[in-house]
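As structure tokens, the structure follows; a few thoughts come after it.
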Amino acid sequence: MSTGANFQPKIVVFACENSGWLAAGHAAELSLSYPEKVNLIKLPCSGKIDVLYFMKALEKADGTMILACQKENCKFLQGNIRAAQRVIQTRHTLKEIGIEEDRVGIFYLAANMGHKFAEVVQNFYDKIRELGPNPGKVIK
Amino acid sequence: MDDNIRVGVFFCGCGGSITGKVDYEPIIAEIKKLPQVEYVRDSQNLCAHLERELIIKEIGQNRLNRMVIVGCGGSPEEGIFKDALTKAGLNSHLLSMVNLLDECCAVRKKTSLSSAKALEMIRMGVARAANLEEVSFGEIPVNRTILVIGSGLAGMETALATAARGFKVILVEKEDKLGGRLARINSIIGTDRKPVELLDEKVQAVTSNPAIVIMTGTKLVDINGDVNGGIGNFTAWLAKDGTETPVAVGAVVIATGVQTIFCPVKYGLGIADNIIGQMKLERLLADGKRFTRKRISMVIGKGTEAFNLPFVLAIKNALLLRRKFDAAVNVFYTNIKVGGDNWEKIYTEARDSGANFFKFDDSIEITANNGEITVSYDDPFLRGKIPGYYKITSDYIILPEELVPAEGTKELAKILRLEPGPTSFFSIDNAHILPHMTSRDGIYLVGSCQSPGFVNEIETAARAVADEIACQLNADRVSVELTQPYVDAAKCVVCLTCYRCCPHGAITIEHGEQFNNLYQSAAQMNPLACRRCGICAAECPGKAIQLPDYTDNQILARLEAMEVQP
Amino acid sequence: MIIAERKPIDEILGFLVKYRKVLVLGCGGCVTVCLAGGEKEAGILGSQLAMASRKEGRPLEVVQKTVERQCDFEYLAGIRHLVKEVDAVLSLACGIGIQTCNEAFRDKMTWPGVNTRFLGVNLNVGEWAERCQACGQCVLDRTGGICPVARCSKSIFNGPCGGSQGGKCEVSPDTDCAWALIYDRLTQLGEVDSLRDIMGIKDWSHSRDGGPRKLVREDLELESGK
């Protein structure tokens with residue numbers, strides 16, 4: 001359950017309402033499969049993601065990501081740029097305490113890319129599986 | 001936030017799509033145990049009409065004040081349940097949807113984990129619901145006067161179009177006369193109307209319209225001092241003869257146009273009567289010049305490919321020179337950009353009329369000697385068969401001017417807090433949205449100030465912007481749902497971070513006794529100008545800003561409700 | 001504005017290694033404005049500490065609170081009960097706030113979570129530059145509003161040193177020579193001739209060199225007038 005071949009990482013996916021969230025819906029329409037322990041949380045724009053959200057997600061999960069609109073395509077012009085900055089800040093914050101930076105990431109896609117959504121989530125899941133369980137999870 | 005949260009959780013089987021993969025019974029038993037859950041019911045078709053009627057009754061009977069719908073996540077369905085809330089006397093934002101259909105069922109076969117996942121998702125949905133807040137509507141008084149900057153064709157058309165929709169207009173022009181560059185062109189593509197006639201007609205219409213106030217010799221120097229207002233409530237400072245006057249306006253339309261710079265040095269040439277620019281040619285033709293020496297060469301492309309205008313202009317004039325003066329016209333081009341209404345037709349006609357079109361890659365040499373122009377170039381089509389540089393002699397050489405934003409564009413952009421685009425013209429907001437909007441609601445672009453354009457595009461653009469303004473400023477008091485971020489003044493340190501990072505200039509710093517902090521001041525978001533992206537809320541170092549429906553409490557509560565495995 | 005920067009995480013973890021429960025105390029004053037120690041930063045740091053300690057296998061319970069500011073005792077009085085329940089306090093306020101906390105809660109150690117860097121201006125989001133050294137005798141009236149104490153690397157008066165090249169200080173090509181700036185500014189104001197008046201030797205006793213400073217205005221004291 002915790003290590004080895006049976007380890008199934010828990011991933012929290014923050015999804016921008018204009019890109020990732022719709023892509024997830026598209027994936028559902030196409031009945032594409034993606035791993036079980038993925039929780040989706042909708043945001044109005046990727047720019048709403050906060051370092052705090054990532055950190056709180058990682059207190060419970062093994063990996064977390066933000067899905068944003070493709071570069072230069074943010075409906076609010078700068079949201080995905082802010083989001084990328086926060087991912088950098090979070091990676092730094094994780095690195096400081098010796099937790100793998102790759103547990104947080106940002107991926108860009110458009111609303112009609114259901115296949116890409118499934119692919120991105122699956123690839124991230126596989127990567128987190130290799131990293132193993134998050135040593136920083138806070139179990140009360 | 002009331003202490004007495006009473007959550008109703010309604011499970012929908014979605015006609016078997018969910019219940020085929022997830023067993024509701026044990027889940028319902030668990031959810032009933034949650035402290036704030038007061039009522040639970042399941043059904044196969046919650047969105048059916050009779051079910052909705054029942055839900056409204058159940059809300060009343062059980063005094064519920066939050067609702068969780070476990071089922072799908074579609075927008076139409078969300079609308080149905082929001083409507084049910086409203087009919088039950090509750091605020092429509094007190095709804096949390098848990099999308100089991102997509103996230104749990106559609107994407108995988110039934111496994112042993114499906115029910116555990118569903119339970120976790122529903123717990124997260126209930127946690128969010130417990131933190132939901134009401135959102136009300138507000139009425140914002142707006143000013144229905146429109147400021148139009150620039151009185152060229154774009155400015156005049158916009159003034160007329162907005163006046164026609166019942167607005168008052170202040171038309172500001174920095175020169176002493178109206179009309180911009182319209183008097184300087186010779187012909188308009190697609191119509192036989194003379195530009196001078198069009199100009200006279202528009203000037204007459206604008207000056208005789210009682211809703212339009214014209215201010216010549218006037219410039220915009222500031223808007224709301226150092227903190228800009230938003231759509232519906234701008235204070236524009238207009239300067240004339242050294243005096244500055246404030247005017248209250250609801251929207252600003254920029255129609256400042258373009259300027260042309262003739263730069264023959266780029267082609268290795270100097271100043272001479274027979275070395276002229278395309279716009280200069282227009283002027284000469286409009287003034288009635290007759291071409292007696294009739295060998296005319298034109299160059300297009302070569303470093304000026306950013307806009308369509310120079311290409312179409314050259315082809316239009318090539319055709320005109322052929323037809324009017326029977327001139328021998330040679331057009332040297334790197335590219336022919338005729339992707340527009342009827343432009344291909346003009347190109348075909350120009351070729352059919354006998355104008356010569358010679359393609360060159362990059363190397364072209366133009367020399368002027370004793371009143372004769374020699375163009376020497378390397379032809380990529382003939383290179384294979386007959387290599388070498390070809391020379392063509394002519395009497396005139398017509399070159400494209402540089403198209404740059406009108407003088408004062410950079411200053412104006414700074415005053416209005418707008419970013420220039422990659423070509424240094426005003427940047428439109430987003431390719432997918434109305435192409436006359438800027439990043440700030442209430443500030444619009446018409447005409448060449450955004451990208452050098454054509455006369456026939458201007459009228460459409462002016463009407464589009466007038467319609468958009470009429471939509472936004474649809475009454476003296478505009479009703480708007482107050483879903484913009486709100487600020488807890490006690491936590492706001494007025495650090496200006498949100499003000500600086502808002503892409504839409506929708507944040508102002510307000511002062512007043514109602515702000516209970518030591519500055520008696522806090523950031524405020526304009527409900528009409530704010531686009532609800534939430535960037536400010538995320539940037540705020542004091543966590544003073546919350547975005548309704550996406551508050552920190554709502555999101556963190558969901559994370560809190562997640563299971564953690566070792 | 002006081003500009004501070006969070007201390008490296010290793011240092012902080014080192015301070016807290018012997019505790020079981022800690023209060024991370026943010027400050028709503030200068031450190032919020034310079035994005036170093038406000039409520040948001042306190043939240044993120046709290047999460048970091050919880051996760052880091054988890055990872056080391058010594059779970060640390062973190063409680064979090066942000067007060068209006070930590071340089072007035074009244075604001076600290078409100079968290080007395082919180083401090084009782086923890087082993088130690090980690091303050092993200094500037095050096096002033098950290099010390100005030102230690103004075104207010106004598107039986108617990110309040111550790112510094114930030115390095116207080118300097119007094120400076122906010123040039124842009126994320127960019128701050130030193131402007132004042134609180135020397136106690138402001139000479140900005142004589143230098144066109146540009147400070148030779150804070151902005152000159154040697155704090156010299158009466159003109160640049162020999163290391164001034166192209167308007168830049170020899171210490172770093174990114175640092176302007178303050179005296180070049182002063183000269184240009186006074187020229188712009190038409191006052192450059194005033195530089196011919198030699199500024200006398202500065203009395204540094206008004207600055208740090210006179211020992212820790214104190215200011216008392218008797219006319220404002222609550223006891224005065226009695």
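Residues are referred to by chain and number: the chain letter is A, B, ... according to the order shown in the structure tokens, the number counts from 1 in that chain, and ligands are numbered separately from 1 in the order shown.
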Exercise. Taking the chain letters and numbering used in this document, name the residues of segment 115-205 of chain C that DSSP puts in strand (DSSP E), as a PyMOL selection string.
Key: chain C and resi 115-124+127-132
Pull C-alpha atoms from the residues just selected and write them as a PDB file, in the first residue's frame.
```pdb
ATOM      1  CA  ASN C 115      16.495  38.751   8.285  1.00  0.00           C
ATOM      2  CA  THR C 116      15.722  42.443   8.499  1.00  0.00           C
ATOM      3  CA  ARG C 117      17.609  43.847   5.535  1.00  0.00           C
ATOM      4  CA  PHE C 118      17.249  47.614   5.273  1.00  0.00           C
ATOM      5  CA  LEU C 119      14.984  50.653   5.044  1.00  0.00           C
ATOM      6  CA  GLY C 120      14.029  51.082   1.450  1.00  0.00           C
ATOM      7  CA  VAL C 121      11.721  51.905  -1.407  1.00  0.00           C
ATOM      8  CA  ASN C 122       9.565  49.502  -3.409  1.00  0.00           C
ATOM      9  CA  LEU C 123      10.627  50.081  -6.991  1.00  0.00           C
ATOM     10  CA  ASN C 124       8.496  47.359  -8.512  1.00  0.00           C
ATOM     11  CA  GLU C 127      12.221  44.843  -6.180  1.00  0.00           C
ATOM     12  CA  TRP C 128      13.369  46.961  -3.220  1.00  0.00           C
ATOM     13  CA  ALA C 129      16.342  49.280  -2.802  1.00  0.00           C
ATOM     14  CA  GLU C 130      17.933  50.884   0.251  1.00  0.00           C
ATOM     15  CA  ARG C 131      17.238  54.561   0.725  1.00  0.00           C
ATOM     16  CA  CYS C 132      17.704  55.554   4.370  1.00  0.00           C
TER      17      CYS C 132
END
```
message: Residues near Asn134 of chain A, anyone? I mean within 8 Å using only C-alpha atoms, not counting same-chain ones fewer than 4 positions away, as JSON, numbers by chain.
response: {"A": [58, 61, 62, 63, 99]}
What residues in chain A have any atom no more than 7 Å from chain B when counting only C-alpha atoms, and can you write them as a VMD selection string? chain A and resid 2 25 28 31 to 34 43 to 45 47 to 50 56 to 57 60 to 61 75 to 79 139
Keeping only C-alpha atoms, write the selected residues to a file as a PDB file, in the first residue's frame.
```pdb
ATOM      1  CA  SER A   2       2.655   2.497   0.870  1.00  0.00           C
ATOM      2  CA  GLY A  25     -14.964  17.094 -19.272  1.00  0.00           C
ATOM      3  CA  ALA A  28     -15.043  12.128 -19.872  1.00  0.00           C
ATOM      4  CA  SER A  31     -14.562   7.900 -22.004  1.00  0.00           C
ATOM      5  CA  LEU A  32     -10.803   8.175 -21.742  1.00  0.00           C
ATOM      6  CA  SER A  33      -9.304   6.481 -18.767  1.00  0.00           C
ATOM      7  CA  TYR A  34      -7.024   8.117 -16.219  1.00  0.00           C
ATOM      8  CA  LEU A  43     -10.309  27.493 -10.441  1.00  0.00           C
ATOM      9  CA  PRO A  44     -11.610  30.493 -12.406  1.00  0.00           C
ATOM     10  CA  CYS A  45      -8.167  31.036 -13.920  1.00  0.00           C
ATOM     11  CA  GLY A  47      -3.718  32.666 -11.940  1.00  0.00           C
ATOM     12  CA  LYS A  48      -5.806  31.917  -8.863  1.00  0.00           C
ATOM     13  CA  ILE A  49      -3.478  29.108  -7.795  1.00  0.00           C
ATOM     14  CA  ASP A  50      -1.662  29.886  -4.586  1.00  0.00           C
ATOM     15  CA  LYS A  56      -1.861  22.101   1.607  1.00  0.00           C
ATOM     16  CA  ALA A  57      -2.516  19.656  -1.237  1.00  0.00           C
ATOM     17  CA  LYS A  60      -2.299  15.035   1.867  1.00  0.00           C
ATOM     18  CA  ALA A  61      -1.239  13.991  -1.612  1.00  0.00           C
ATOM     19  CA  LYS A  75      -8.299  34.638 -21.261  1.00  0.00           C
ATOM     20  CA  PHE A  76      -7.182  37.034 -18.546  1.00  0.00           C
ATOM     21  CA  LEU A  77      -3.859  37.735 -20.265  1.00  0.00           C
ATOM     22  CA  GLN A  78      -1.479  37.029 -17.403  1.00  0.00           C
ATOM     23  CA  GLY A  79      -3.026  34.248 -15.373  1.00  0.00           C
ATOM     24  CA  ILE A 139      -0.915  12.566   9.066  1.00  0.00           C
TER      25      ILE A 139
END
```
Check: Would you list which chain C residues are within 6 Å of chain A using only C-alpha atoms, as a ChimeraX atom specification?
Finding: /C:44,51-52,54-55
Filtering to C-alpha atoms, could you give me those residues as a tab-separated table (two decimals), in the first residue's frame?
```tsv
chain	number	residue	atom	x	y	z
C	44	ILE	CA	3.16	28.74	3.48
C	51	MET	CA	5.99	18.79	5.99
C	52	ALA	CA	9.71	19.07	6.71
C	54	ARG	CA	7.12	14.98	8.99
C	55	LYS	CA	9.85	14.01	6.63
```
- Task: Write out as JSON, numbers by chain which residues come within 12 Å of Ser451 of chain B when counting only C-alpha atoms, dropping same-chain ones fewer than 6 positions away.
- Result: {"B": [255, 256, 257, 258, 259, 306, 307, 308, 309, 403, 404, 405, 406, 420, 421, 422, 423, 424, 425, 426, 427, 428, 435, 436, 445, 457, 458]}
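Going from atom CA of Ala118 of chain A to atom CA of Phe10 of chain B covers 29.2 Å.
The interatomic distance for the pair atom CA of Val63 of chain C and atom CA of Gly113 of chain C works out to 14.6 Å.
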Any idea which chain C residues end up within 6 Å of chain B if we count only C-alpha atoms, as a JSON list (two decimals) with N, CA and C atoms, in the first residue's frame please?
```
[["chain", "number", "residue", "atom", "x", "y", "z"],
["C", 32, "THR", "N", 4.37, 42.40, 5.61],
["C", 32, "THR", "CA", 3.32, 42.01, 4.67],
["C", 32, "THR", "C", 3.51, 42.78, 3.37],
["C", 33, "VAL", "N", 3.80, 44.07, 3.50],
["C", 33, "VAL", "CA", 3.94, 44.91, 2.31],
["C", 33, "VAL", "C", 5.14, 44.46, 1.47],
["C", 35, "LEU", "N", 6.14, 41.43, 1.29],
["C", 35, "LEU", "CA", 5.88, 40.06, 0.88],
["C", 35, "LEU", "C", 6.80, 39.03, 1.55],
["C", 38, "GLY", "N", 3.77, 38.15, 5.96],
["C", 38, "GLY", "CA", 2.36, 38.38, 6.20],
["C", 38, "GLY", "C", 1.61, 37.07, 6.36],
["C", 39, "GLU", "N", 0.29, 37.18, 6.37],
["C", 39, "GLU", "CA", -0.52, 35.99, 6.62],
["C", 39, "GLU", "C", -0.26, 34.90, 5.59],
["C", 40, "LYS", "N", -0.10, 35.29, 4.34],
["C", 40, "LYS", "CA", 0.14, 34.30, 3.30],
["C", 40, "LYS", "C", 1.46, 33.59, 3.51]]
```
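Residues surrounding Thr483 of chain B within 9 Å are Val135, Ser136, Phe137, Val480, Tyr486, Pro527, Arg532, Leu547, Pro548 and Asp549 of chain B [only C-alpha atoms; sequence separation below 3 positions excluded].
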Could you pull the residues within 8 Å of segment 6-12 of chain A, counting only C-alpha atoms, minus those fewer than 2 positions along the same chain, as a PyMOL selection string? chain A and resi 1-4+14+37-41+57+61-65+125+128-129+132-133
Mind dumping the selected residues with C-alpha atoms as a PDB file, in the first residue's frame?
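part_11.pdb, freshly written:
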```pdb
ATOM      1  CA  MET A   1       0.000   0.000   0.000  1.00  0.00           C
ATOM      2  CA  SER A   2       2.655   2.497   0.870  1.00  0.00           C
ATOM      3  CA  THR A   3       5.590   1.381  -1.216  1.00  0.00           C
ATOM      4  CA  GLY A   4       6.463  -0.931  -4.022  1.00  0.00           C
ATOM      5  CA  PHE A  14      -6.062  22.239 -10.010  1.00  0.00           C
ATOM      6  CA  LYS A  37      -6.789   8.745  -7.174  1.00  0.00           C
ATOM      7  CA  VAL A  38      -6.969  12.015  -9.009  1.00  0.00           C
ATOM      8  CA  ASN A  39      -8.941  14.855  -7.452  1.00  0.00           C
ATOM      9  CA  LEU A  40      -9.972  17.766  -9.632  1.00  0.00           C
ATOM     10  CA  ILE A  41     -10.427  21.237  -8.188  1.00  0.00           C
ATOM     11  CA  ALA A  57      -2.516  19.656  -1.237  1.00  0.00           C
ATOM     12  CA  ALA A  61      -1.239  13.991  -1.612  1.00  0.00           C
ATOM     13  CA  ASP A  62       1.851  12.729  -3.414  1.00  0.00           C
ATOM     14  CA  GLY A  63       1.760  15.143  -6.305  1.00  0.00           C
ATOM     15  CA  THR A  64      -0.103  18.211  -7.452  1.00  0.00           C
ATOM     16  CA  MET A  65      -0.393  20.220 -10.638  1.00  0.00           C
ATOM     17  CA  TYR A 125       0.975   9.906 -12.180  1.00  0.00           C
ATOM     18  CA  ILE A 128       5.072  10.378  -9.066  1.00  0.00           C
ATOM     19  CA  ARG A 129       4.882   6.607  -8.813  1.00  0.00           C
ATOM     20  CA  GLY A 132       7.399   7.134  -4.334  1.00  0.00           C
ATOM     21  CA  PRO A 133       5.118   8.365  -1.565  1.00  0.00           C
TER      22      PRO A 133
END
```
